Structure formats: structure tokens, C-alpha cells
$ cat query_7.cif   # mmCIF, C-alpha atoms and all ligand atoms
data_work
loop_
_atom_site.label_atom_id
_atom_site.label_comp_id
_atom_site.auth_asym_id
_atom_site.auth_seq_id
_atom_site.Cartn_x
_atom_site.Cartn_y
_atom_site.Cartn_z
CA MET A 238 82.51 98.75 113.26
CA ALA A 239 85.63 99.80 115.06
CA GLU A 240 85.34 101.06 118.60
CA VAL A 241 86.53 104.68 118.68
CA ILE A 242 88.12 106.07 121.84
CA VAL A 243 88.88 109.78 121.97
CA VAL A 244 91.66 110.69 124.40
CA GLY A 245 92.98 114.02 125.64
CA SER A 246 96.60 113.52 124.66
CA ARG A 247 99.12 111.22 123.01
CA LYS A 248 100.33 110.32 126.46
CA ALA A 249 96.85 109.20 127.50
CA ALA A 250 96.63 107.09 124.34
CA GLY A 251 99.99 105.51 125.11
CA ALA A 252 98.90 104.69 128.67
CA LEU A 253 95.64 103.13 127.48
CA VAL A 254 97.29 100.83 124.95
CA ALA A 255 100.20 99.97 127.27
CA GLU A 256 97.69 98.98 129.92
CA ALA A 257 95.94 96.65 127.47
CA ILE A 258 99.27 95.09 126.44
CA GLU A 259 100.19 94.57 130.10
CA ARG A 260 96.88 92.74 130.62
CA LEU A 261 97.51 90.62 127.50
CA VAL A 262 101.01 89.67 128.65
CA ALA A 263 99.74 88.80 132.13
CA VAL A 264 97.72 85.94 130.62
CA GLN A 265 100.05 85.23 127.71
CA PRO A 266 103.68 86.11 128.53
CA ASP A 267 104.88 85.21 125.02
CA ALA A 268 102.17 87.24 123.24
CA VAL A 269 102.94 88.28 119.67
CA LEU A 270 102.74 92.02 119.02
CA GLY A 271 102.49 93.61 115.59
CA LEU A 272 104.78 96.63 115.74
CA ALA A 273 104.21 99.86 113.85
CA THR A 274 106.93 102.46 113.34
CA GLY A 275 106.68 106.22 112.72
CA ASP A 276 105.77 108.87 115.30
CA THR A 277 102.34 107.52 116.17
CA PRO A 278 103.17 104.42 118.25
CA VAL A 279 105.94 106.16 120.19
CA PRO A 280 103.70 107.06 123.19
CA VAL A 281 102.75 103.37 123.49
CA TYR A 282 106.38 102.26 123.51
CA ARG A 283 107.30 105.01 125.99
CA ALA A 284 104.48 104.02 128.33
CA LEU A 285 105.50 100.37 128.10
CA ALA A 286 109.15 101.23 128.75
CA GLU A 287 108.09 103.07 131.92
CA ARG A 288 106.20 99.98 133.06
CA VAL A 289 109.24 97.82 132.28
CA ARG A 290 111.42 100.11 134.39
CA ALA A 291 108.84 99.68 137.15
CA GLY A 292 109.16 95.88 136.96
CA LEU A 293 106.96 94.66 134.07
CA ASP A 294 108.65 91.69 132.37
CA LEU A 295 108.23 91.62 128.59
CA SER A 296 111.24 89.39 127.91
CA ALA A 297 109.14 86.55 126.45
CA VAL A 298 107.06 88.83 124.19
CA ARG A 299 107.53 88.27 120.47
CA GLY A 300 107.07 90.81 117.71
CA PHE A 301 106.61 91.37 114.00
CA ALA A 302 107.19 94.80 112.48
CA LEU A 303 104.62 95.98 109.97
CA ASP A 304 107.04 97.01 107.28
CA GLU A 305 110.54 97.96 106.16
CA TYR A 306 112.09 100.03 103.40
CA VAL A 307 113.56 98.11 100.48
CA GLY A 308 117.20 98.58 99.58
CA ILE A 309 118.16 100.49 102.71
CA PRO A 310 121.13 99.05 104.64
CA VAL A 311 119.91 97.20 107.75
CA GLY A 312 122.19 99.38 109.89
CA HIS A 313 120.92 102.69 108.44
CA PRO A 314 119.49 104.73 111.34
CA GLN A 315 116.14 105.04 109.51
CA SER A 316 115.82 101.37 108.56
CA TYR A 317 112.91 99.93 110.51
CA HIS A 318 115.33 97.28 111.77
CA SER A 319 117.22 100.10 113.51
CA VAL A 320 114.07 101.95 114.60
CA ILE A 321 112.43 98.84 116.07
CA ASP A 322 115.66 97.99 117.85
CA ALA A 323 116.07 101.48 119.35
CA GLU A 324 112.41 102.23 120.17
CA VAL A 325 111.08 98.79 121.05
CA VAL A 326 113.56 95.95 121.56
CA VAL A 327 116.06 97.75 123.79
CA PRO A 328 113.75 99.92 125.96
CA LEU A 329 111.19 97.13 126.42
CA GLY A 330 113.80 94.46 127.13
CA LEU A 331 112.57 92.16 124.36
CA ASN A 332 114.63 89.27 123.06
CA PRO A 333 116.08 90.54 119.73
CA ALA A 334 115.86 87.02 118.26
CA ALA A 335 112.08 87.01 118.85
CA VAL A 336 111.43 90.32 117.08
CA HIS A 337 111.16 90.15 113.31
CA VAL A 338 111.29 92.86 110.67
CA PRO A 339 110.63 92.15 106.97
CA ASP A 340 113.85 91.58 105.04
CA GLY A 341 114.19 94.63 102.79
CA ARG A 342 117.57 93.69 101.35
CA SER A 343 117.54 93.69 97.56
CA LEU A 344 119.09 90.22 97.38
CA GLY A 345 116.26 87.73 97.79
CA ILE A 346 113.54 90.41 97.93
CA GLU A 347 111.33 88.28 95.63
CA THR A 348 110.81 85.72 98.40
CA ALA A 349 110.98 88.03 101.42
CA GLY A 350 107.20 88.41 101.65
CA GLU A 351 106.57 84.68 101.64
CA ARG A 352 109.28 84.12 104.23
CA TYR A 353 107.73 86.74 106.49
CA GLU A 354 104.26 85.26 106.19
CA ALA A 355 105.68 81.82 107.06
CA ALA A 356 107.37 83.25 110.16
CA ILE A 357 104.13 84.91 111.32
CA LEU A 358 102.20 81.66 110.82
CA ALA A 359 104.89 79.66 112.63
CA SER A 360 104.59 82.02 115.62
CA GLY A 361 100.89 81.20 115.93
CA GLY A 362 99.81 84.58 114.58
CA ILE A 363 99.79 88.16 115.81
CA ASP A 364 97.78 88.72 118.98
CA LEU A 365 97.66 92.50 118.95
CA GLN A 366 98.58 94.62 115.96
CA ILE A 367 99.46 98.28 116.60
CA LEU A 368 98.76 100.52 113.60
CA GLY A 369 99.31 104.12 112.59
CA ILE A 370 97.58 105.63 109.56
CA GLY A 371 99.09 107.63 106.72
CA THR A 372 97.58 110.90 105.54
CA ASP A 373 96.76 109.00 102.33
CA GLY A 374 94.86 106.35 104.30
CA HIS A 375 97.55 103.68 104.26
CA ILE A 376 98.19 101.21 107.06
CA GLY A 377 101.58 99.59 107.05
CA PHE A 378 102.80 100.69 103.62
CA ASN A 379 99.62 99.47 101.94
CA GLU A 380 99.08 102.43 99.67
CA PRO A 381 95.69 103.28 98.11
CA GLY A 382 94.60 100.51 95.76
CA SER A 383 96.04 97.72 97.91
CA SER A 384 93.96 94.55 97.87
CA PHE A 385 92.13 93.70 101.07
CA ALA A 386 93.44 90.16 100.54
CA SER A 387 97.09 91.20 100.13
CA LEU A 388 99.86 89.50 102.09
CA THR A 389 103.39 90.69 102.81
CA ARG A 390 104.91 91.99 99.59
CA VAL A 391 106.81 94.84 97.99
CA LYS A 392 104.88 98.08 97.46
CA THR A 393 105.91 101.29 95.72
CA LEU A 394 105.46 104.26 98.05
CA THR A 395 103.28 107.16 96.97
CA ARG A 396 104.84 110.57 96.53
CA GLN A 397 102.69 111.70 99.50
CA THR A 398 104.13 109.02 101.79
CA ARG A 399 107.70 109.80 100.70
CA GLU A 400 107.07 113.50 101.41
CA ASP A 401 105.50 112.68 104.79
CA ASN A 402 108.54 110.56 105.70
CA ALA A 403 111.15 112.97 104.32
CA ARG A 404 111.44 114.44 107.84
CA PHE A 405 113.33 111.31 108.87
CA PHE A 406 115.84 111.72 106.02
CA ASP A 407 118.00 114.56 104.61
CA SER A 408 115.58 115.06 101.73
CA VAL A 409 112.61 113.43 100.00
CA ASP A 410 114.99 112.01 97.41
CA GLU A 411 116.68 109.96 100.14
CA VAL A 412 113.40 108.25 101.09
CA PRO A 413 113.37 104.80 99.49
CA VAL A 414 110.89 104.29 96.65
CA HIS A 415 109.92 100.76 97.67
CA SER A 416 108.88 99.08 100.88
CA ILE A 417 108.02 95.58 102.01
CA THR A 418 104.87 95.56 104.10
CA GLN A 419 102.46 93.19 105.76
CA GLY A 420 99.41 93.14 103.51
CA LEU A 421 95.89 94.13 104.46
CA GLY A 422 95.08 90.42 104.55
CA THR A 423 97.98 89.87 106.95
CA ILE A 424 96.80 92.70 109.20
CA LEU A 425 93.22 91.41 109.21
CA ARG A 426 94.45 88.03 110.48
CA ALA A 427 95.75 89.59 113.72
CA ARG A 428 93.47 88.79 116.65
CA ARG A 429 93.09 92.43 117.70
CA LEU A 430 93.82 95.72 115.96
CA VAL A 431 94.59 99.03 117.61
CA LEU A 432 94.88 101.97 115.25
CA LEU A 433 96.19 105.23 116.71
CA ALA A 434 96.11 108.66 115.11
CA PHE A 435 96.98 112.12 116.39
CA GLY A 436 96.70 115.61 114.95
CA ALA A 437 94.51 117.40 112.42
CA ALA A 438 96.54 116.08 109.46
CA LYS A 439 95.12 112.62 110.15
CA ALA A 440 91.46 113.68 110.60
CA HIS A 441 90.41 113.09 107.02
CA ALA A 442 92.07 109.65 106.81
CA VAL A 443 90.57 108.60 110.16
CA ALA A 444 87.04 109.58 109.12
CA ALA A 445 87.42 107.79 105.79
CA ALA A 446 88.81 104.68 107.50
CA VAL A 447 86.15 104.46 110.21
CA GLU A 448 83.06 105.77 108.44
CA GLY A 449 83.79 105.95 104.74
CA PRO A 450 82.89 103.21 102.31
CA LEU A 451 84.93 100.05 102.41
CA THR A 452 87.35 100.71 99.58
CA ALA A 453 90.86 99.79 98.54
CA SER A 454 91.26 103.52 97.83
CA VAL A 455 91.37 103.94 101.63
CA PRO A 456 93.34 100.88 102.73
CA ALA A 457 92.67 101.64 106.42
CA SER A 458 88.94 101.14 105.77
CA ALA A 459 89.85 97.42 105.88
CA ILE A 460 89.67 97.70 109.69
CA GLN A 461 85.86 97.77 109.30
CA LEU A 462 86.14 94.08 108.38
CA HIS A 463 87.84 93.21 111.65
CA PRO A 464 85.65 92.14 114.57
CA ARG A 465 88.01 93.50 117.23
CA ALA A 466 89.39 96.81 116.05
CA THR A 467 89.87 99.82 118.32
CA VAL A 468 90.74 103.31 117.09
CA VAL A 469 92.42 105.59 119.62
CA VAL A 470 92.51 109.23 118.55
CA ASP A 471 93.05 112.69 120.00
CA GLU A 472 90.46 115.46 119.52
CA GLU A 473 92.15 116.78 116.38
CA ALA A 474 92.33 113.43 114.64
CA ALA A 475 88.70 112.76 115.67
CA SER A 476 87.44 116.10 114.39
CA MET A 477 85.99 114.90 111.08
CA LEU A 478 84.14 111.87 112.45
CA GLY A 479 80.40 112.21 111.82
CA GLU A 480 79.33 109.97 114.71
CA LEU A 481 81.68 111.38 117.31
CA GLU A 482 78.98 111.91 119.93
CA TYR A 483 77.90 108.30 119.59
CA TYR A 484 81.48 107.05 120.07
CA ARG A 485 81.88 109.17 123.23
CA ASP A 486 78.55 107.95 124.52
CA ALA A 487 79.38 104.32 123.78
CA PHE A 488 82.70 104.60 125.58
CA GLU A 489 81.15 106.30 128.62
CA ASN A 490 78.55 103.56 128.77
CA LYS A 491 80.94 100.73 128.04
CA PRO A 492 79.82 97.62 129.92
CA THR A 493 82.15 96.83 132.80
CA TRP A 494 82.62 93.27 131.53
CA ASP A 495 83.94 94.57 128.20
CA PRO A 496 87.59 95.51 128.71
CA VAL A 497 89.21 98.34 126.77
CA ILE A 498 90.94 97.01 123.62
CA LEU A 499 91.33 93.40 124.78
P1 LIG B 1 103.37 108.55 111.46
O1 LIG B 1 103.12 107.63 110.18
O2 LIG B 1 103.06 107.70 112.63
O3 LIG B 1 104.84 108.89 111.42
O4 LIG B 1 102.47 109.72 111.33
C1 LIG B 1 101.97 106.84 110.16
C2 LIG B 1 101.96 106.00 108.92
O5 LIG B 1 102.51 106.44 107.88
O6 LIG B 1 101.42 104.90 108.95
#
$ encode --input "query_7.cif" --output "C-alpha cells"
Amino acid sequence: MAEVIVVGSRKAAGALVAEAIERLVAVQPDAVLGLATGDTPVPVYRALAERVRAGLDLSAVRGFALDEYVGIPVGHPQSYHSVIDAEVVVPLGLNPAAVHVPDGRSLGIETAGERYEAAILASGGIDLQILGIGTDGHIGFNEPGSSFASLTRVKTLTRQTREDNARFFDSVDEVPVHSITQGLGTILRARRLVLLAFGAAKAHAVAAAVEGPLTASVPASAIQLHPRATVVVDEEAASMLGELEYYRDAFENKPTWDPVIL
């Protein structure tokens, strides 16, 4: 099962994951990160940016975004190309040529998934995949029903996801209908997974992902298949977990030889 770590704040979560990434990069300067977008990973990127300002060198780190909207101009401020550039590449001092985002342009979309998978394989694979979780239980844009074996491909967004993401656009009608996303099979190939979730709105999805039955109806439950998955949540997002006391106990008694996340 996933290791669950309950933290006091988003900032504490960001510090914890940034610390793990710093340790990864110390032994592997060109580590490959899987990069989530949305509000959830922002504390991780902020904490890393602080470390970069303090001297941490991430210039050899490579990255693969989880997903992108289909049919949105690359330069649109809400395209994940733009978001990854503004929130990750620039503040972390990454090499833009080493950070990949799925190609959501309509022209050639039929082969975009295959091309992305080939690029991930050519990189040697993702070392640490950062994940958020949707209120409908998605990871990446793998909406309920997604195959656990799925690879990068086009998915139609649920109405729920489009409503959740409408805050980034002028209205829900502006939110693209399609996305291109790493599949659950792609995500499961990453060497380590870190899923973050904050706030009461995520509590149900977190409990279903960590403790519910393994089901394509809750795509995030796929993390139960991964041998090295860590879930970092605040108290609100943890509030519906049935085994919460056990997770706290396990973390307090974590063997000293067993590092957090890595
Ligand atoms: P959020 O989205 O981080 O903006 O809450 C998470 C997700 O949809 O995966």
C-alpha cells in the first residue's frame, strides 16, 4: 500500500517533497521528474525555487509533464506548456529543451501519445512522478474508467473536471473538452510516485484511492499497484481515511534507514 504522510500545511508538504527531490538530484543530477500541474504541486515548485535561489543546481534535471489540453494554442496562458514554463522551468532554472509537455496541437494529435511515450522511454524513464488528484479520482487526466494499462493518449474530460478547472478560464465553456495525458500504465512505470492532496474537497477521492477497491472507476486507486508510492496530505484531505491512526503511527515509527519518499 501507499505510505501516507499527514502534514500540517501545504508549505510543509512542499518542503518535504522538495527535500526528497534535492536528495534525488544529489545522486542523479539529470534525474527525470514527472511534473503535475494545477494548484496542488505549487508548494513543491515554490519550495524547490527557494532552494535554487539558495544555490541548488537543477539545470541538468529533465522533466515530463503529465498532461496537456488538446486544441489550445501552445502560447495560451492556461496551456500546460505555458504553466510548466512559468511555474517550473523558469523558477527552477531547468533547461527548456529537457522539459517535455505532450503535444496537444490538433494537427498530428493521433500520433502525439506514441511520440510522448517514445520520448519518456528514450530518457530512461521517469524517476519521480509528482501527482495531484481530481475530485473525481483522476490522476493526470485519466478520468474514471481509464484502463490501468493505458499509455499516453487523448481523453475526454468529465464535466466535473471541466467545472473544477473553470477557475483558470473565463468560463466552463472555455475549458477544452479533450486532453492528452500520460496513461495509468505510464504513471505506474515511474520509479517513485508522490501524490499530494489538500483540502476537504479531496478527502473522498484520497480515501477511495488509498483504501478503496482497486478499480478503474477511481483511477488514482492504481497507485496501490505501485511498490513505491507516497501520499502527502493535509488534515482535511486525510479526514476520510479509515486507517489514519495507523499511518500516523507508521510515520512516527519509520525506520531511520528508510528515507522519506526516496
Ligand atoms: P488541482 O487539480 O491540483 O488544481 O486541485 C488536481 C487534478 O485535477 O489532478
$ residues_around --input "query_7.cif" --residues "Gly436 in chain A" --least-positions-apart "6" --cutoff "7 Å" --atoms "all atoms listed in the file" --output "PyMOL selection string"
chain A and resi 471+473-474
$ write_last_selection --input "query_7.cif" --atoms "C-alpha atoms" --output "PDB file, keeping the file's coordinate frame"
ATOM      1  CA  ASP A 471      93.050 112.690 120.000  1.00  0.00           C
ATOM      2  CA  GLU A 473      92.150 116.780 116.380  1.00  0.00           C
ATOM      3  CA  ALA A 474      92.330 113.430 114.640  1.00  0.00           C
TER       4      ALA A 474
END
$ closest_residue --input "query_7.cif" --among "A:Leu365, A:Val409, A:Val279, A:Ala445" --to "ligand LIG 1 (chain B)" --atoms "all atoms listed in the file"
A:Val279
$ residues_near_ligand --input "query_7.cif" --ligand "ligand LIG 1 (chain B)" --cutoff "6 Å" --atoms "only C-alpha atoms and all ligand atoms" --output "list in words"
Gly275, Asp276, Thr277, Gly369, Ile370, Gly371, Ile376 and Gly377 of chain A
$ residues_near_point --input "query_7.cif" --point "(95.7, 94.7, 103.6)" --cutoff "9 Å" --atoms "all atoms listed in the file" --output "PyMOL selection string"
chain A and resi 376-377+379+383-389+419-425+453+456-457+459
$ atom_distance --input "query_7.cif" --atom1 "CA of Val269 in chain A" --atom2 "CA of Ala335 in chain A"
9.3 Å
$ residues_around --input "query_7.cif" --residues "Ser319 in chain A" --least-positions-apart "3" --cutoff "12 Å" --atoms "all atoms listed in the file" --output "list in words"
Thr274, Ala302, Glu305, Tyr306, Ile309, Pro310, Val311, Gly312, His313, Pro314, Gln315, Ser316, Asp322, Ala323, Glu324, Val325, Val326, Val327, Pro333, Val336, His337 and Val338 of chain A
$ residues_around --input "query_7.cif" --residues "Ile346 in chain A" --least-positions-apart "4" --cutoff "10 Å" --atoms "only C-alpha atoms" --output "list in words"
Val307, Gly308, Pro339, Asp340, Gly341, Arg342, Gly350, Glu351, Arg352, Arg390, Val391 and Ile417 of chain A
$ write_last_selection --input "query_7.cif" --atoms "C-alpha atoms" --output "compact mmCIF listing (two decimals), keeping the file's coordinate frame"
# COMPACT_ATOMS: atom_id res chain seq x y z
CA VAL A 307 113.56 98.11 100.48
CA GLY A 308 117.20 98.58 99.58
CA PRO A 339 110.63 92.15 106.97
CA ASP A 340 113.85 91.58 105.04
CA GLY A 341 114.19 94.63 102.79
CA ARG A 342 117.57 93.69 101.35
CA GLY A 350 107.20 88.41 101.65
CA GLU A 351 106.57 84.68 101.64
CA ARG A 352 109.28 84.12 104.23
CA ARG A 390 104.91 91.99 99.59
CA VAL A 391 106.81 94.84 97.99
CA ILE A 417 108.02 95.58 102.01
$ closest_residue --input "query_7.cif" --among "A:Ser343, A:Asp364, A:Ala263, A:Gln461" --to "His415 in chain A" --atoms "only C-alpha atoms"
A:Ser343
$ residues_around --input "query_7.cif" --residues "range 281-285 of chain A" --least-positions-apart "3" --cutoff "9 Å" --atoms "only C-alpha atoms" --output "mmCIF file with C-alpha atoms, in the coordinates of the input"
data_model
loop_
_atom_site.group_PDB
_atom_site.id
_atom_site.type_symbol
_atom_site.label_atom_id
_atom_site.label_comp_id
_atom_site.auth_asym_id
_atom_site.auth_seq_id
_atom_site.Cartn_x
_atom_site.Cartn_y
_atom_site.Cartn_z
ATOM 1 C CA ARG A 247 99.120 111.220 123.010
ATOM 2 C CA LYS A 248 100.330 110.320 126.460
ATOM 3 C CA ALA A 250 96.630 107.090 124.340
ATOM 4 C CA GLY A 251 99.990 105.510 125.110
ATOM 5 C CA ALA A 252 98.900 104.690 128.670
ATOM 6 C CA LEU A 253 95.640 103.130 127.480
ATOM 7 C CA VAL A 254 97.290 100.830 124.950
ATOM 8 C CA ALA A 255 100.200 99.970 127.270
ATOM 9 C CA GLU A 256 97.690 98.980 129.920
ATOM 10 C CA ILE A 258 99.270 95.090 126.440
ATOM 11 C CA GLU A 259 100.190 94.570 130.100
ATOM 12 C CA THR A 277 102.340 107.520 116.170
ATOM 13 C CA PRO A 278 103.170 104.420 118.250
ATOM 14 C CA ARG A 288 106.200 99.980 133.060
ATOM 15 C CA VAL A 289 109.240 97.820 132.280
ATOM 16 C CA ARG A 290 111.420 100.110 134.390
ATOM 17 C CA LEU A 293 106.960 94.660 134.070
ATOM 18 C CA GLU A 324 112.410 102.230 120.170
ATOM 19 C CA VAL A 325 111.080 98.790 121.050
ATOM 20 C CA PRO A 328 113.750 99.920 125.960
ATOM 21 C CA LEU A 329 111.190 97.130 126.420
#
$ residues_near_point --input "query_7.cif" --point "(88.7, 117.2, 108.8)" --cutoff "10 Å" --atoms "all atoms listed in the file" --output "ChimeraX atom specification"
/A:437-445,473-478
$ write_last_selection --input "query_7.cif" --atoms "C-alpha atoms" --output "PDB file, in the coordinates of the input"
ATOM      1  CA  ALA A 437      94.510 117.400 112.420  1.00  0.00           C
ATOM      2  CA  ALA A 438      96.540 116.080 109.460  1.00  0.00           C
ATOM      3  CA  LYS A 439      95.120 112.620 110.150  1.00  0.00           C
ATOM      4  CA  ALA A 440      91.460 113.680 110.600  1.00  0.00           C
ATOM      5  CA  HIS A 441      90.410 113.090 107.020  1.00  0.00           C
ATOM      6  CA  ALA A 442      92.070 109.650 106.810  1.00  0.00           C
ATOM      7  CA  VAL A 443      90.570 108.600 110.160  1.00  0.00           C
ATOM      8  CA  ALA A 444      87.040 109.580 109.120  1.00  0.00           C
ATOM      9  CA  ALA A 445      87.420 107.790 105.790  1.00  0.00           C
ATOM     10  CA  GLU A 473      92.150 116.780 116.380  1.00  0.00           C
ATOM     11  CA  ALA A 474      92.330 113.430 114.640  1.00  0.00           C
ATOM     12  CA  ALA A 475      88.700 112.760 115.670  1.00  0.00           C
ATOM     13  CA  SER A 476      87.440 116.100 114.390  1.00  0.00           C
ATOM     14  CA  MET A 477      85.990 114.900 111.080  1.00  0.00           C
ATOM     15  CA  LEU A 478      84.140 111.870 112.450  1.00  0.00           C
TER      16      LEU A 478
END
$ atom_distance --input "query_7.cif" --atom1 "CA of Val298 in chain A" --atom2 "CA of Leu432 in chain A"
20.0 Å
$ closest_residue --input "query_7.cif" --among "A:Leu270, A:Ala334, A:Ile460, A:Ala286" --to "Gly362 in chain A" --atoms "all atoms listed in the file"
A:Leu270
$ atom_distance --input "query_7.cif" --atom1 "CA of Val262 in chain A" --atom2 "CA of Ala349 in chain A"
29.0 Å
$ residues_around --input "query_7.cif" --residues "Pro266 in chain A" --least-positions-apart "6" --cutoff "9 Å" --atoms "all atoms listed in the file" --output "ChimeraX atom specification"
/A:294-298
$ closest_residue --input "query_7.cif" --among "A:Ala268, A:Ala257, A:Leu303, A:Val455" --to "Leu368 in chain A" --atoms "only C-alpha atoms"
A:Leu303
$ closest_residue --input "query_7.cif" --among "A:Asp373, A:Glu400, A:Glu448, A:Glu354" --to "Val468 in chain A" --atoms "all atoms listed in the file"
A:Glu448
$ decode --input "query_7.cif" --residues "range 264-274 of chain A" --atoms "all heavy atoms" --output "compact mmCIF listing (two decimals), in the first residue's frame"
# COMPACT_ATOMS: atom_id res chain seq x y z
N VAL A 264 22.30 12.57 -6.04
CA VAL A 264 22.92 11.33 -6.55
C VAL A 264 22.72 11.18 -8.05
O VAL A 264 23.44 10.43 -8.69
CB VAL A 264 22.39 10.07 -5.82
CG1 VAL A 264 22.83 10.05 -4.39
CG2 VAL A 264 20.88 9.94 -5.92
N GLN A 265 21.76 11.90 -8.59
CA GLN A 265 21.46 11.77 -10.02
C GLN A 265 21.11 13.16 -10.56
O GLN A 265 19.93 13.53 -10.65
CB GLN A 265 20.27 10.81 -10.16
CG GLN A 265 20.06 10.33 -11.56
CD GLN A 265 18.80 9.48 -11.66
OE1 GLN A 265 18.32 8.91 -10.67
NE2 GLN A 265 18.26 9.39 -12.86
N PRO A 266 22.11 13.95 -10.93
CA PRO A 266 21.86 15.34 -11.32
C PRO A 266 20.91 15.49 -12.50
O PRO A 266 20.22 16.51 -12.62
CB PRO A 266 23.26 15.87 -11.68
CG PRO A 266 24.21 14.98 -10.95
CD PRO A 266 23.55 13.63 -10.89
N ASP A 267 20.86 14.46 -13.38
CA ASP A 267 19.95 14.58 -14.54
C ASP A 267 18.68 13.74 -14.33
O ASP A 267 18.10 13.21 -15.28
CB ASP A 267 20.67 14.17 -15.83
CG ASP A 267 21.02 12.69 -15.85
OD1 ASP A 267 20.98 12.04 -14.77
OD2 ASP A 267 21.31 12.16 -16.94
N ALA A 268 18.23 13.64 -13.08
CA ALA A 268 17.01 12.89 -12.76
C ALA A 268 15.85 13.38 -13.63
O ALA A 268 15.81 14.53 -14.07
CB ALA A 268 16.66 13.08 -11.29
N VAL A 269 14.92 12.45 -13.87
CA VAL A 269 13.75 12.78 -14.69
C VAL A 269 12.53 12.91 -13.77
O VAL A 269 12.15 11.95 -13.10
CB VAL A 269 13.50 11.68 -15.75
CG1 VAL A 269 12.29 12.03 -16.60
CG2 VAL A 269 14.74 11.47 -16.62
N LEU A 270 11.95 14.10 -13.75
CA LEU A 270 10.78 14.33 -12.90
C LEU A 270 9.51 14.27 -13.75
O LEU A 270 9.49 14.78 -14.88
CB LEU A 270 10.86 15.71 -12.24
CG LEU A 270 12.05 15.97 -11.32
CD1 LEU A 270 11.96 17.39 -10.74
CD2 LEU A 270 12.09 14.94 -10.18
N GLY A 271 8.47 13.68 -13.21
CA GLY A 271 7.15 13.75 -13.82
C GLY A 271 6.43 14.93 -13.18
O GLY A 271 6.33 15.00 -11.95
N LEU A 272 5.96 15.86 -14.01
CA LEU A 272 5.50 17.15 -13.49
C LEU A 272 3.99 17.30 -13.61
O LEU A 272 3.43 17.29 -14.71
CB LEU A 272 6.20 18.27 -14.27
CG LEU A 272 7.74 18.22 -14.20
CD1 LEU A 272 8.35 19.10 -15.30
CD2 LEU A 272 8.21 18.67 -12.81
N ALA A 273 3.35 17.44 -12.47
CA ALA A 273 1.91 17.71 -12.45
C ALA A 273 1.68 19.22 -12.56
O ALA A 273 2.57 20.01 -12.24
CB ALA A 273 1.30 17.19 -11.15
N THR A 274 0.49 19.59 -13.00
CA THR A 274 0.09 21.00 -13.00
C THR A 274 -1.13 21.14 -12.07
O THR A 274 -1.48 20.20 -11.38
CB THR A 274 -0.24 21.46 -14.43
OG1 THR A 274 -1.03 20.47 -15.04
CG2 THR A 274 1.02 21.66 -15.24
